[in-house]
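File shown: input22.txt. Contents: compact mmCIF, C-alpha atoms.
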# COMPACT_ATOMS: atom_id res chain seq x y z
CA MET A 1 13.70 -9.42 -8.87
CA ILE A 2 11.67 -12.64 -9.09
CA ARG A 3 14.80 -14.72 -8.63
CA THR A 4 15.78 -12.63 -5.62
CA LEU A 5 12.35 -13.12 -4.07
CA TRP A 6 12.63 -16.91 -4.47
CA LEU A 7 15.94 -16.74 -2.59
CA ILE A 8 15.00 -14.44 0.27
CA LEU A 9 11.34 -15.20 0.97
CA PRO A 10 11.83 -18.80 2.21
CA LEU A 11 14.45 -17.50 4.64
CA ALA A 12 12.19 -14.69 5.79
CA LEU A 13 9.25 -17.06 6.28
CA ALA A 14 11.45 -19.36 8.34
CA MET A 15 12.44 -16.39 10.48
CA ARG A 16 8.82 -15.69 11.23
CA ALA A 17 8.62 -19.10 12.90
CA GLN A 18 12.08 -19.34 14.49
CA THR A 19 14.02 -17.20 16.90
CA GLY A 20 17.63 -16.23 17.32
CA MET A 21 18.37 -15.97 13.59
CA VAL A 22 20.42 -13.32 11.80
CA LEU A 23 19.28 -11.76 8.53
CA GLN A 24 21.44 -9.71 6.21
CA LEU A 25 19.11 -7.18 4.66
CA THR A 26 19.33 -4.57 1.90
CA MET A 27 16.75 -1.85 1.40
CA LYS A 28 15.58 -3.62 -1.75
CA HIS A 29 15.00 -6.89 0.10
CA ALA A 30 13.29 -5.09 3.00
CA VAL A 31 10.77 -3.55 0.59
CA GLU A 32 10.22 -6.93 -1.10
CA LEU A 33 9.49 -8.55 2.27
CA ALA A 34 6.98 -5.83 3.17
CA LEU A 35 5.20 -6.23 -0.19
CA ALA A 36 5.09 -10.05 -0.02
CA GLU A 37 1.87 -12.00 0.55
CA GLU A 38 2.44 -12.26 4.31
CA GLY A 39 4.20 -8.92 4.65
CA SER A 40 2.59 -5.58 5.45
CA ALA A 41 -0.98 -5.69 6.76
CA LYS A 42 -1.75 -2.62 4.62
CA MET A 43 -0.85 -4.57 1.48
CA GLN A 44 -2.93 -7.57 2.55
CA LEU A 45 -5.97 -5.32 3.03
CA ALA A 46 -5.36 -3.57 -0.30
CA ARG A 47 -5.28 -6.92 -2.12
CA GLU A 48 -8.57 -7.93 -0.47
CA PHE A 49 -10.18 -4.70 -1.69
CA VAL A 50 -9.13 -5.66 -5.22
CA VAL A 51 -10.72 -9.09 -4.78
CA GLN A 52 -13.97 -7.47 -3.61
CA ALA A 53 -14.01 -5.07 -6.57
CA GLN A 54 -13.45 -7.96 -8.98
CA SER A 55 -16.33 -9.83 -7.35
CA ARG A 56 -18.65 -6.83 -7.76
CA SER A 57 -17.63 -6.57 -11.42
CA THR A 58 -18.50 -10.23 -11.94
CA GLN A 59 -21.89 -9.62 -10.36
CA ALA A 60 -22.50 -6.63 -12.64
CA ARG A 61 -21.53 -8.70 -15.68
CA SER A 62 -23.99 -11.44 -14.72
CA ALA A 63 -26.87 -9.13 -15.66
CA LEU A 64 -25.70 -9.31 -19.30
CA LEU A 65 -25.21 -13.08 -19.46
CA PRO A 66 -27.83 -15.78 -20.11
CA LYS A 67 -29.66 -17.23 -17.12
CA LEU A 68 -30.31 -20.97 -17.24
CA ASP A 69 -32.61 -22.63 -14.69
CA VAL A 70 -33.66 -26.24 -14.33
CA THR A 71 -36.69 -27.18 -12.24
CA ALA A 72 -38.49 -30.42 -11.46
CA ASP A 73 -41.54 -30.90 -9.25
CA ALA A 74 -44.27 -33.40 -8.55
CA GLN A 75 -47.58 -32.61 -6.84
CA ASN A 76 -50.55 -34.56 -5.58
CA MET A 77 -53.58 -32.41 -4.74
CA THR A 78 -57.27 -32.22 -4.03
CA ARG A 79 -59.47 -29.15 -4.59
CA ASN A 80 -62.69 -27.86 -3.06
CA LEU A 81 -64.73 -26.79 -6.11
CA ALA A 82 -67.29 -24.99 -3.98
CA ALA A 83 -64.53 -22.70 -2.70
CA LEU A 84 -63.87 -21.81 -6.33
CA GLY A 85 -67.56 -20.99 -6.96
CA LEU A 86 -68.24 -24.23 -8.93
CA THR A 87 -71.45 -25.61 -7.45
CA THR A 88 -74.50 -27.43 -8.78
CA SER A 89 -76.64 -24.32 -8.35
CA THR A 90 -74.30 -22.12 -10.34
CA LEU A 91 -73.54 -24.55 -13.15
CA GLY A 92 -76.95 -26.22 -13.51
CA PHE A 93 -75.63 -29.78 -13.36
CA PRO A 94 -74.32 -31.96 -10.57
CA VAL A 95 -70.84 -30.97 -9.46
CA PRO A 96 -68.90 -32.81 -6.76
CA SER A 97 -67.85 -30.70 -3.83
CA ARG A 98 -64.27 -31.99 -4.02
CA VAL A 99 -62.12 -33.41 -6.79
CA GLY A 100 -58.89 -35.32 -6.55
CA PRO A 101 -56.46 -36.53 -5.73
CA ILE A 102 -54.74 -35.26 -8.87
CA SER A 103 -51.06 -35.88 -9.64
CA VAL A 104 -49.02 -33.44 -11.71
CA SER A 105 -45.34 -33.84 -12.67
CA ASP A 106 -43.27 -31.20 -14.43
CA ALA A 107 -39.60 -31.08 -15.45
CA ARG A 108 -38.40 -27.96 -17.26
CA ALA A 109 -35.33 -26.03 -18.35
CA GLY A 110 -35.64 -22.29 -18.86
CA ILE A 111 -33.28 -19.69 -20.31
CA GLY A 112 -33.39 -15.91 -20.35
CA GLN A 113 -31.12 -13.38 -22.05
CA ALA A 114 -31.01 -9.60 -21.96
CA VAL A 115 -31.21 -8.36 -25.54
CA LEU A 116 -31.11 -4.63 -24.78
CA ASP A 117 -30.29 -3.29 -21.32
CA LEU A 118 -28.15 -0.15 -21.55
CA GLY A 119 -28.30 0.45 -17.79
CA SER A 120 -26.67 -2.91 -17.08
CA VAL A 121 -24.07 -2.31 -19.81
CA TYR A 122 -22.95 0.98 -18.25
CA ARG A 123 -23.02 -0.52 -14.76
CA HIS A 124 -20.70 -3.29 -15.94
CA ARG A 125 -18.32 -0.76 -17.50
CA ALA A 126 -18.39 1.25 -14.27
CA SER A 127 -17.54 -1.89 -12.29
CA LYS A 128 -14.51 -2.53 -14.54
CA ALA A 129 -13.39 1.06 -13.94
CA GLU A 130 -13.79 0.39 -10.21
CA VAL A 131 -11.54 -2.67 -10.49
CA ALA A 132 -8.89 -0.61 -12.29
CA GLY A 133 -9.14 2.12 -9.67
CA THR A 134 -8.91 -0.36 -6.79
CA GLN A 135 -5.85 -1.97 -8.37
CA SER A 136 -4.26 1.46 -8.69
CA ASP A 137 -5.15 2.13 -5.05
CA ALA A 138 -3.33 -1.09 -4.15
CA ASP A 139 -0.31 0.10 -6.14
CA SER A 140 -0.48 3.41 -4.29
CA VAL A 141 -0.49 1.56 -0.97
CA ALA A 142 2.53 -0.41 -2.20
CA GLU A 143 4.35 2.85 -2.94
CA GLN A 144 3.51 4.16 0.52
CA VAL A 145 4.62 0.92 2.18
CA ALA A 146 7.88 1.07 0.22
CA ALA A 147 8.39 4.66 1.37
CA ASP A 148 7.69 3.75 5.00
CA VAL A 149 10.08 0.79 4.89
CA ALA A 150 12.77 2.84 3.13
CA GLN A 151 12.56 5.61 5.72
CA VAL A 152 12.75 3.16 8.62
CA TYR A 153 15.66 1.41 6.91
CA LEU A 154 17.43 4.77 6.60
CA ALA A 155 16.71 5.46 10.27
CA VAL A 156 18.49 2.21 11.17
CA LEU A 157 21.43 3.22 8.98
CA ARG A 158 21.51 6.61 10.72
CA THR A 159 21.53 5.08 14.20
CA THR A 160 24.19 2.59 13.07
CA ALA A 161 26.35 5.43 11.82
CA ARG A 162 25.72 7.23 15.10
CA VAL A 163 26.93 4.18 17.06
CA GLU A 164 30.05 3.97 14.89
CA ALA A 165 30.76 7.69 15.30
CA VAL A 166 30.35 7.60 19.08
CA SER A 167 32.52 4.49 19.25
CA ALA A 168 35.22 6.30 17.31
CA THR A 169 34.95 9.32 19.62
CA LEU A 170 35.16 7.00 22.62
CA GLU A 171 38.38 5.51 21.28
CA LEU A 172 39.78 9.01 20.84
CA ALA A 173 38.83 9.86 24.42
CA LYS A 174 40.52 6.68 25.64
CA SER A 175 43.69 7.57 23.73
CA VAL A 176 43.72 11.03 25.34
CA GLN A 177 43.15 9.45 28.75
CA LYS A 178 46.09 7.14 28.17
CA ALA A 179 48.26 10.04 27.03
CA ALA A 180 47.28 12.06 30.13
CA GLU A 181 48.27 9.16 32.37
CA ASN A 182 51.60 8.86 30.55
CA HIS A 183 52.22 12.58 30.99
CA ARG A 184 51.50 12.38 34.70
CA ARG A 185 53.85 9.43 35.16
CA ALA A 186 56.50 11.34 33.21
CA GLY A 187 55.99 14.35 35.46
CA ASN A 188 54.64 16.54 32.63
CA GLY A 189 50.97 16.36 33.58
CA THR A 190 48.66 16.63 36.55
CA GLY A 191 46.05 14.43 38.14
CA LEU A 192 43.39 16.94 37.13
CA GLU A 193 44.05 16.27 33.46
CA VAL A 194 43.71 12.53 34.06
CA THR A 195 40.43 13.08 35.91
CA ARG A 196 39.04 15.24 33.14
CA ALA A 197 40.07 12.67 30.54
CA SER A 198 38.38 9.92 32.56
CA LEU A 199 35.17 11.96 32.80
CA ARG A 200 35.32 12.45 29.05
CA VAL A 201 35.56 8.69 28.53
CA ALA A 202 32.62 8.08 30.88
CA ASP A 203 30.54 10.67 29.03
CA GLU A 204 31.26 9.07 25.66
CA ARG A 205 30.37 5.63 27.03
CA GLN A 206 27.03 6.98 28.14
CA LYS A 207 26.44 8.44 24.69
CA LEU A 208 27.34 5.08 23.15
CA LEU A 209 24.81 3.26 25.33
CA GLN A 210 22.10 5.75 24.31
CA ALA A 211 23.02 5.39 20.63
CA GLN A 212 22.81 1.60 20.92
CA VAL A 213 19.33 1.86 22.49
CA GLU A 214 18.18 4.10 19.60
CA LYS A 215 19.62 1.60 17.11
CA ARG A 216 17.74 -1.34 18.64
CA SER A 217 14.51 0.69 18.66
CA ALA A 218 14.92 1.56 14.97
CA GLU A 219 15.65 -2.08 14.13
CA ARG A 220 12.44 -3.18 15.86
CA LEU A 221 10.49 -0.65 13.77
CA LEU A 222 12.07 -2.10 10.63
CA LEU A 223 11.18 -5.66 11.69
CA ARG A 224 7.62 -4.52 12.34
CA ALA A 225 7.39 -2.81 8.95
CA THR A 226 8.63 -5.90 7.07
CA GLY A 227 6.48 -8.37 9.04
CA LEU A 228 9.42 -10.24 10.60
CA ARG A 229 9.65 -11.43 14.18
CA LEU A 230 10.93 -8.82 16.60
CA ASP A 231 13.65 -11.15 17.91
CA VAL A 232 15.34 -11.54 14.50
CA ALA A 233 18.79 -9.96 14.43
CA LEU A 234 19.38 -7.66 11.47
CA VAL A 235 22.59 -6.84 9.67
CA LEU A 236 22.01 -4.07 7.14
CA THR A 237 24.34 -4.37 4.17
CA ASP A 238 23.65 -0.92 2.68
CA ARG A 239 25.57 2.15 3.80
CA LEU A 240 24.39 5.69 4.44
CA GLU A 241 25.74 7.36 1.31
CA LYS A 242 24.80 10.23 -0.96
CA PRO A 243 21.83 9.13 -3.11
CA PRO A 244 21.88 9.12 -6.93
CA GLU A 245 20.91 12.18 -8.93
CA VAL A 246 17.23 12.78 -9.68
CA PRO A 247 15.56 14.22 -12.82
CA LEU A 248 14.29 17.75 -13.08
CA ALA A 249 11.02 18.56 -11.34
CA ALA A 250 9.24 19.32 -14.65
CA ASP A 251 10.23 15.98 -16.14
CA ALA A 252 9.27 14.19 -12.92
CA PHE A 253 5.82 15.84 -12.95
CA SER A 254 5.02 14.73 -16.50
CA GLY A 255 6.21 11.24 -15.61
CA ALA A 256 4.13 11.19 -12.43
CA LEU A 257 0.94 11.77 -14.43
CA ARG A 258 1.79 8.65 -16.44
CA CYS A 259 2.78 6.27 -13.65
CA ARG A 260 1.71 7.59 -10.23
CA PRO A 261 -0.87 5.05 -9.01
CA ASP A 262 -3.05 7.39 -6.97
CA TRP A 263 -3.47 9.59 -10.07
CA LYS A 264 -4.48 6.54 -12.09
CA ALA A 265 -6.94 5.57 -9.36
CA GLN A 266 -8.49 9.04 -9.44
CA GLU A 267 -8.78 8.92 -13.22
CA ALA A 268 -10.58 5.58 -12.85
CA ARG A 269 -12.95 7.11 -10.29
CA VAL A 270 -13.75 9.97 -12.70
CA GLN A 271 -14.43 7.43 -15.45
CA ARG A 272 -16.60 5.36 -13.13
CA ALA A 273 -18.62 8.42 -12.10
CA GLY A 274 -19.19 9.33 -15.77
CA LEU A 275 -20.42 5.81 -16.52
CA ALA A 276 -22.73 5.99 -13.50
CA VAL A 277 -24.29 9.12 -15.05
CA GLN A 278 -24.82 7.30 -18.35
CA SER A 279 -26.26 4.30 -16.51
CA ALA A 280 -28.77 6.47 -14.67
CA ARG A 281 -29.85 8.16 -17.91
CA ALA A 282 -30.08 4.82 -19.72
CA GLU A 283 -32.75 3.61 -17.29
CA SER A 284 -35.28 5.61 -19.32
CA VAL A 285 -34.48 3.49 -22.40
CA PRO A 286 -36.73 0.39 -22.78
CA SER A 287 -35.10 -2.93 -21.96
CA VAL A 288 -35.71 -6.05 -24.05
CA ARG A 289 -35.38 -9.59 -22.74
CA ALA A 290 -35.85 -12.92 -24.52
CA PHE A 291 -36.93 -16.03 -22.64
CA ALA A 292 -37.77 -19.65 -23.36
CA ASP A 293 -38.37 -22.90 -21.52
CA TYR A 294 -38.84 -26.52 -22.54
CA GLY A 295 -39.99 -29.46 -20.46
CA ALA A 296 -42.51 -32.23 -19.95
CA THR A 297 -45.76 -32.10 -17.96
CA GLY A 298 -48.14 -34.91 -17.08
CA SER A 299 -49.95 -36.79 -14.35
CA SER A 300 -46.79 -38.84 -13.89
CA PRO A 301 -43.27 -38.77 -15.38
CA TRP A 302 -43.98 -41.66 -17.77
CA LYS A 303 -47.20 -39.98 -19.03
CA ALA A 304 -45.66 -36.52 -19.50
CA LEU A 305 -45.94 -34.60 -22.78
CA ALA A 306 -43.42 -32.09 -24.12
CA THR A 307 -44.37 -28.43 -23.66
CA TYR A 308 -42.50 -25.19 -24.24
CA THR A 309 -42.73 -21.42 -23.90
CA ALA A 310 -40.86 -18.81 -25.93
CA GLY A 311 -41.22 -15.07 -26.02
CA VAL A 312 -39.79 -11.59 -25.80
CA SER A 313 -40.61 -9.02 -23.12
CA VAL A 314 -40.19 -5.26 -23.40
CA GLN A 315 -40.16 -3.17 -20.26
CA PHE A 316 -40.06 0.57 -19.85
CA SER A 317 -41.01 2.86 -17.02
CA VAL A 318 -43.75 5.40 -17.58
CA TYR A 319 -43.62 7.06 -14.18
CA ASP A 320 -41.42 6.21 -11.19
CA GLY A 321 -41.98 9.16 -8.89
CA GLY A 322 -38.81 10.96 -10.02
CA ARG A 323 -36.43 8.16 -9.00
CA ARG A 324 -34.51 8.06 -12.31
CA ARG A 325 -34.11 11.82 -12.48
CA SER A 326 -32.89 11.94 -8.88
CA ARG A 327 -30.39 9.17 -9.58
CA ALA A 328 -29.09 11.04 -12.63
CA VAL A 329 -28.72 14.28 -10.62
CA GLU A 330 -26.89 12.44 -7.85
CA ALA A 331 -24.59 10.69 -10.31
CA ALA A 332 -23.80 13.98 -12.08
CA SER A 333 -22.95 15.58 -8.74
CA GLN A 334 -20.65 12.67 -7.91
CA GLU A 335 -18.91 13.08 -11.26
CA ARG A 336 -18.29 16.77 -10.59
CA GLN A 337 -16.87 15.89 -7.17
CA GLU A 338 -14.46 13.36 -8.65
CA LYS A 339 -13.31 15.85 -11.29
CA ALA A 340 -12.69 18.41 -8.53
CA ARG A 341 -10.67 15.84 -6.59
CA ALA A 342 -8.67 15.05 -9.73
CA SER A 343 -7.85 18.72 -10.23
CA ASP A 344 -6.80 19.07 -6.61
CA LEU A 345 -4.68 15.89 -6.78
CA ARG A 346 -2.91 17.16 -9.89
CA GLN A 347 -1.93 20.33 -8.05
CA GLN A 348 -0.92 18.28 -5.01
CA ILE A 349 1.36 16.08 -7.12
CA GLU A 350 3.04 19.12 -8.65
CA PHE A 351 3.46 20.66 -5.20
CA GLU A 352 4.95 17.46 -3.72
CA ILE A 353 7.46 17.10 -6.54
CA GLU A 354 8.53 20.75 -6.38
CA ALA A 355 8.85 20.63 -2.57
CA ALA A 356 10.79 17.34 -2.63
CA SER A 357 13.09 18.65 -5.37
CA ASP A 358 13.83 21.83 -3.43
CA GLN A 359 14.41 19.88 -0.24
CA LEU A 360 16.75 17.46 -1.99
CA HIS A 361 18.88 20.21 -3.52
CA SER A 362 18.99 22.05 -0.19
CA VAL A 363 20.14 19.07 1.86
CA ASN A 364 22.70 18.15 -0.80
CA GLU A 365 24.23 21.61 -0.41
CA GLN A 366 24.21 21.11 3.35
CA LEU A 367 25.90 17.75 2.84
CA ALA A 368 28.73 19.39 0.88
CA VAL A 369 29.22 21.88 3.71
CA THR A 370 29.28 19.14 6.37
CA GLU A 371 31.84 17.16 4.37
CA MET A 372 34.15 20.16 4.30
CA ALA A 373 33.57 20.76 8.02
CA LEU A 374 34.35 17.12 8.81
CA THR A 375 37.60 17.26 6.86
CA THR A 376 38.61 20.45 8.69
CA ALA A 377 37.70 18.96 12.08
CA GLN A 378 39.78 15.85 11.41
CA GLN A 379 42.79 17.89 10.35
CA THR A 380 42.41 20.18 13.38
CA LEU A 381 42.26 17.25 15.79
CA GLU A 382 45.37 15.70 14.28
CA GLN A 383 47.26 18.97 14.76
CA VAL A 384 46.00 19.42 18.33
CA GLU A 385 46.95 15.86 19.26
CA ARG A 386 50.48 16.40 17.97
CA ARG A 387 50.78 19.64 19.95
CA TYR A 388 49.38 17.90 23.04
CA GLU A 389 52.06 15.24 22.74
CA GLU A 390 54.61 18.06 22.47
CA GLY A 391 53.13 19.77 25.54
CA VAL A 392 52.14 22.92 23.66
CA VAL A 393 48.38 22.68 24.39
CA ASP A 394 46.46 21.27 27.34
CA HIS A 395 43.80 18.59 27.68
CA VAL A 396 40.93 21.08 27.33
CA THR A 397 42.02 22.01 23.84
CA VAL A 398 42.14 18.33 22.84
CA ALA A 399 38.68 17.74 24.30
CA GLU A 400 37.29 20.70 22.37
CA ALA A 401 38.82 19.41 19.14
CA GLN A 402 37.33 15.97 19.78
CA ALA A 403 33.93 17.54 20.46
CA ASP A 404 34.18 19.51 17.21
CA LEU A 405 34.97 16.31 15.32
CA ALA A 406 32.04 14.48 16.95
CA ARG A 407 29.68 17.33 16.02
CA ALA A 408 31.03 17.33 12.46
CA ARG A 409 30.40 13.57 12.19
CA ASP A 410 26.89 13.96 13.57
CA SER A 411 26.21 16.81 11.15
CA LYS A 412 27.36 14.75 8.18
CA THR A 413 25.31 11.74 9.29
CA ALA A 414 22.24 13.94 9.72
CA ALA A 415 22.81 15.52 6.29
CA LEU A 416 23.24 12.10 4.64
CA TYR A 417 20.06 10.86 6.31
CA ALA A 418 18.12 13.98 5.26
CA SER A 419 19.43 13.65 1.70
CA ASN A 420 18.31 10.02 1.44
CA VAL A 421 14.91 10.79 2.99
CA ALA A 422 14.46 13.63 0.47
CA TRP A 423 15.44 11.20 -2.31
CA VAL A 424 12.74 8.78 -1.10
CA ASP A 425 10.17 11.59 -0.90
CA PHE A 426 11.03 12.78 -4.41
CA HIS A 427 10.58 9.39 -6.05
CA ARG A 428 7.48 8.72 -3.95
CA ALA A 429 6.04 11.97 -5.30
CA ALA A 430 7.06 10.94 -8.83
CA GLY A 431 5.42 7.52 -8.41
CA ARG A 432 8.62 5.57 -9.12
CA LEU A 433 9.96 4.71 -5.68
CA ARG A 434 9.61 0.93 -5.97
CA ALA A 435 11.21 0.93 -9.41
CA GLU A 436 14.11 3.11 -8.21
CA ILE A 437 14.74 0.96 -5.14
CA ALA A 438 14.63 -2.20 -7.24
CA SER A 439 17.19 -0.80 -9.68
CA HIS A 440 19.76 0.10 -7.00
As a first step, turn the structure in this file into structure tokens.
Amino acid sequence: MIRTLWLILPLALAMRAQTGMVLQLTMKHAVELALAEEGSAKMQLAREFVVQAQSRSTQARSALLPKLDVTADAQNMTRNLAALGLTTSTLGFPVPSRVGPISVSDARAGIGQAVLDLGSVYRHRASKAEVAGTQSDADSVAEQVAADVAQVYLAVLRTTARVEAVSATLELAKSVQKAAENHRRAGNGTGLEVTRASLRVADERQKLLQAQVEKRSAERLLLRATGLRLDVALVLTDRLEKPPEVPLAADAFSGALRCRPDWKAQEARVQRAGLAVQSARAESVPSVRAFADYGATGSSPWKALATYTAGVSVQFSVYDGGRRRSRAVEAASQERQEKARASDLRQQIEFEIEAASDQLHSVNEQLAVTEMALTTAQQTLEQVERRYEEGVVDHVTVAEAQADLARARDSKTAALYASNVAWVDFHRAAGRLRAEIASH
């Protein structure tokens, strides 16, 4: 996949800046373009959320790391001793009313380190769980983007097949028109048959124009989904075919709980909520912090003497107005909410897989029926055309047979499209859509 990206991404980036270019595109490459750095806006936002979560985790970790500060200052001051209560009358000996100027210089480096701070420890662990959850959320967005691109890609394939089918029907109508004209010239037909055949050709041309408009609209949606310019011409190299077989719903459900990213994100949120509860409870535990500083103080830098401070501080809250208890109650409530969401998501995953599996099997059965109907319609048309050439049947019978064949083609195309969409939905529900697209 990496090698493929190196080959296709430079071309795609060039197409974002140039016009009038043609791009041959597979579904796999379309998904890769959407998930690239400059692809889908949803993916760009999801990546930024991961960056923000990582930044918050770094901030939470900073509370556990040493803090080193360096300061340097120089002061020159005078003081009014009388304002400080130091007067001749109070001290019993002569005291000047003002002293100074006095110069003081100080340069110092200080360090502090948390020795015991359980609240910060649990907050840091919760922030790491948040990062994991945000990354899983980004993976879930990637799965959704892949599903959106795949469905739009399939819509383009469907409209392309529709254009091809209408074109084929138009050619059949033209052949009947030509045969009707030949019959009239030979004296075996009437002008009415020629007129009806001409109307049939005009009707099929109108259908072809409408199908081409739908195809261009679907192609623009695909360009929008992949982040390419709307004036890039696309040539899809995949075909609308029956998708590969899928595993059983039970096996897919057990696999989804291992790899579906939104489930992993929810598990991370449950873990984060549990750590938030522990963090709130740990605030009642005393915190211990060690500190020290070393520097030089004097009336000037060259007269400074070395001085230092070292110590340990212990802090614990005796009464905070119920803040800690309220935080613990709120955190416990949040944890229960996340567990409820996890339970609901588990049921939702099972429901989505079962529904997608049922839908896939149903449309595959419909596809088998449409294939049989198409074969029958083709054979019927061939027989009717031979009888028309022999003069046994009229133009109306041929037109009806052509209409039956067109409907059979449309039915098969619709069934193929529905089967592929169900295949996408199934693997999206199982959390393996990107992997399945990349392997085909």
Quiz item: With only C-alpha atoms as the atoms that count, which of A:Asp117, A:Glu371, A:Asp394, A:Asp73 lies nearest to Ser313 (chain A)?
Solution: A:Asp117
Quiz item: For Tyr388 (chain A), which of A:Ala249, A:Val232, A:Val176, A:Ala129 is the closest residue, counting only C-alpha atoms?
Solution: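 Closest candidate: A:Val176.
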Exercise. Just the residues within 8 Å of Ala438 (chain A), please, counting only C-alpha atoms, with nothing from its chain fewer than 2 positions along; format it as JSON, numbers by chain.
Key: {"A": [1, 28, 434, 435, 436, 440]}
Quiz prompt | Shortest interatomic distance to Gln315 (chain A) - which of A:Val115, A:Glu241, A:Glu338, A:Phe426, counting all atoms listed in the file | solution =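 Selected residue with least distance to Gln315 (chain A): A:Val115.
Here the question is which of A:Thr26, A:Thr195, A:Val270, A:Leu68 gets nearest to Ala126 (chain A) using all atoms listed in the file, and that residue is A:Val270.
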Counting all atoms listed in the file, which residues have an atom no more than 12 Å from (-48.2, -30.0, -23.2) in the file's coordinates? Please list them as a PDB file with C-alpha atoms, in the coordinates of the input.
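Here's the written file part.pdb:
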ATOM      1  CA  SER A 105     -45.340 -33.840 -12.670  1.00  0.00           C
ATOM      2  CA  ASP A 106     -43.270 -31.200 -14.430  1.00  0.00           C
ATOM      3  CA  ALA A 107     -39.600 -31.080 -15.450  1.00  0.00           C
ATOM      4  CA  ARG A 108     -38.400 -27.960 -17.260  1.00  0.00           C
ATOM      5  CA  TYR A 294     -38.840 -26.520 -22.540  1.00  0.00           C
ATOM      6  CA  GLY A 295     -39.990 -29.460 -20.460  1.00  0.00           C
ATOM      7  CA  ALA A 296     -42.510 -32.230 -19.950  1.00  0.00           C
ATOM      8  CA  THR A 297     -45.760 -32.100 -17.960  1.00  0.00           C
ATOM      9  CA  GLY A 298     -48.140 -34.910 -17.080  1.00  0.00           C
ATOM     10  CA  SER A 299     -49.950 -36.790 -14.350  1.00  0.00           C
ATOM     11  CA  LYS A 303     -47.200 -39.980 -19.030  1.00  0.00           C
ATOM     12  CA  ALA A 304     -45.660 -36.520 -19.500  1.00  0.00           C
ATOM     13  CA  LEU A 305     -45.940 -34.600 -22.780  1.00  0.00           C
ATOM     14  CA  ALA A 306     -43.420 -32.090 -24.120  1.00  0.00           C
ATOM     15  CA  THR A 307     -44.370 -28.430 -23.660  1.00  0.00           C
ATOM     16  CA  TYR A 308     -42.500 -25.190 -24.240  1.00  0.00           C
ATOM     17  CA  THR A 309     -42.730 -21.420 -23.900  1.00  0.00           C
TER      18      THR A 309
END
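Nearest to Ser62 (chain A) of all the residues A:Ile353, A:Leu230, A:Ala328, A:Ala114 is A:Ala114, counting only C-alpha atoms.
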Exercise. Point out the residue among A:Lys42, A:Gly119, A:Ala218, A:Arg325 with the least atom-to-atom distance to Val285 (chain A), counting all atoms listed in the file.
Key: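 Residue with the minimum atom-to-atom distance to Val285 (chain A): A:Gly119.
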Quiz item: So how many Å separate CA of Gln278 (chain A) and CA of Arg323 (chain A), to one decimal?
Solution: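 CA of Arg323 (chain A) lies at a distance of 14.9 Å from CA of Gln278 (chain A).
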Self-check item: Atom pair CA of Leu208 (chain A) / CA of Leu222 (chain A): separation (Å)
Solution: 21.0 Å
Exercise. Could you give me, as a PyMOL selection string, the residues that sit within 8 Å of (30.1, 17.5, 8.5) in the file's coordinates, counting all atoms listed in the file?
Key: chain A and resi 367-375+407-413+415
Quiz item: In Å, how far is it from CA of Gln54 (chain A) to CA of Glu32 (chain A)?
Solution: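 Those two atoms sit 25.0 Å apart.
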Tell me, counting only C-alpha atoms, for each residue of region 363-400 of chain A within 12 Å of region 166-170 of chain A, which pair of atoms is nearest and how far apart they are in Å to one decimal, in rows ordered by chain and increasing number, as CSV.
residue,atom,partner,partner_atom,distance
A:Gln378,CA,A:Thr169,CA,11.5
A:Leu381,CA,A:Thr169,CA,11.4
A:Val398,CA,A:Thr169,CA,12.0
A:Ala399,CA,A:Thr169,CA,10.3
A:Glu400,CA,A:Thr169,CA,11.9
Practice problem: Identify, on the basis of all atoms listed in the file, every residue whose closest approach to Arg98 (chain A) does not exceed 6 Å; exclude the query and any residue fewer than 3 positions from it along the same chain; express the result as a ChimeraX atom specification. | Solution: /A:79-81
Where atoms are absent from region 283-290 of chain A, fill them in so it carries N, CA and C atoms, then output it as a PDB file, keeping the file's coordinate frame.
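And here's selection22.pdb as it stands now:
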ATOM      1  N   GLU A 283     -31.601   4.310 -17.882  1.00  0.00           N
ATOM      2  CA  GLU A 283     -32.750   3.610 -17.290  1.00  0.00           C
ATOM      3  C   GLU A 283     -34.066   4.036 -17.938  1.00  0.00           C
ATOM      4  N   SER A 284     -34.059   5.180 -18.628  1.00  0.00           N
ATOM      5  CA  SER A 284     -35.280   5.610 -19.320  1.00  0.00           C
ATOM      6  C   SER A 284     -35.452   4.919 -20.671  1.00  0.00           C
ATOM      7  N   VAL A 285     -34.402   4.209 -21.134  1.00  0.00           N
ATOM      8  CA  VAL A 285     -34.480   3.490 -22.400  1.00  0.00           C
ATOM      9  C   VAL A 285     -35.140   2.131 -22.149  1.00  0.00           C
ATOM     10  N   PRO A 286     -36.081   1.699 -22.994  1.00  0.00           N
ATOM     11  CA  PRO A 286     -36.730   0.390 -22.780  1.00  0.00           C
ATOM     12  C   PRO A 286     -35.696  -0.733 -22.795  1.00  0.00           C
ATOM     13  N   SER A 287     -35.952  -1.744 -21.986  1.00  0.00           N
ATOM     14  CA  SER A 287     -35.100  -2.930 -21.960  1.00  0.00           C
ATOM     15  C   SER A 287     -35.851  -4.094 -22.602  1.00  0.00           C
ATOM     16  N   VAL A 288     -35.115  -4.914 -23.327  1.00  0.00           N
ATOM     17  CA  VAL A 288     -35.710  -6.050 -24.050  1.00  0.00           C
ATOM     18  C   VAL A 288     -35.048  -7.319 -23.529  1.00  0.00           C
ATOM     19  N   ARG A 289     -35.890  -8.323 -23.265  1.00  0.00           N
ATOM     20  CA  ARG A 289     -35.380  -9.590 -22.740  1.00  0.00           C
ATOM     21  C   ARG A 289     -36.084 -10.736 -23.458  1.00  0.00           C
ATOM     22  N   ALA A 290     -35.313 -11.709 -23.888  1.00  0.00           N
ATOM     23  CA  ALA A 290     -35.850 -12.920 -24.520  1.00  0.00           C
ATOM     24  C   ALA A 290     -35.831 -14.049 -23.494  1.00  0.00           C
TER      25      ALA A 290
END
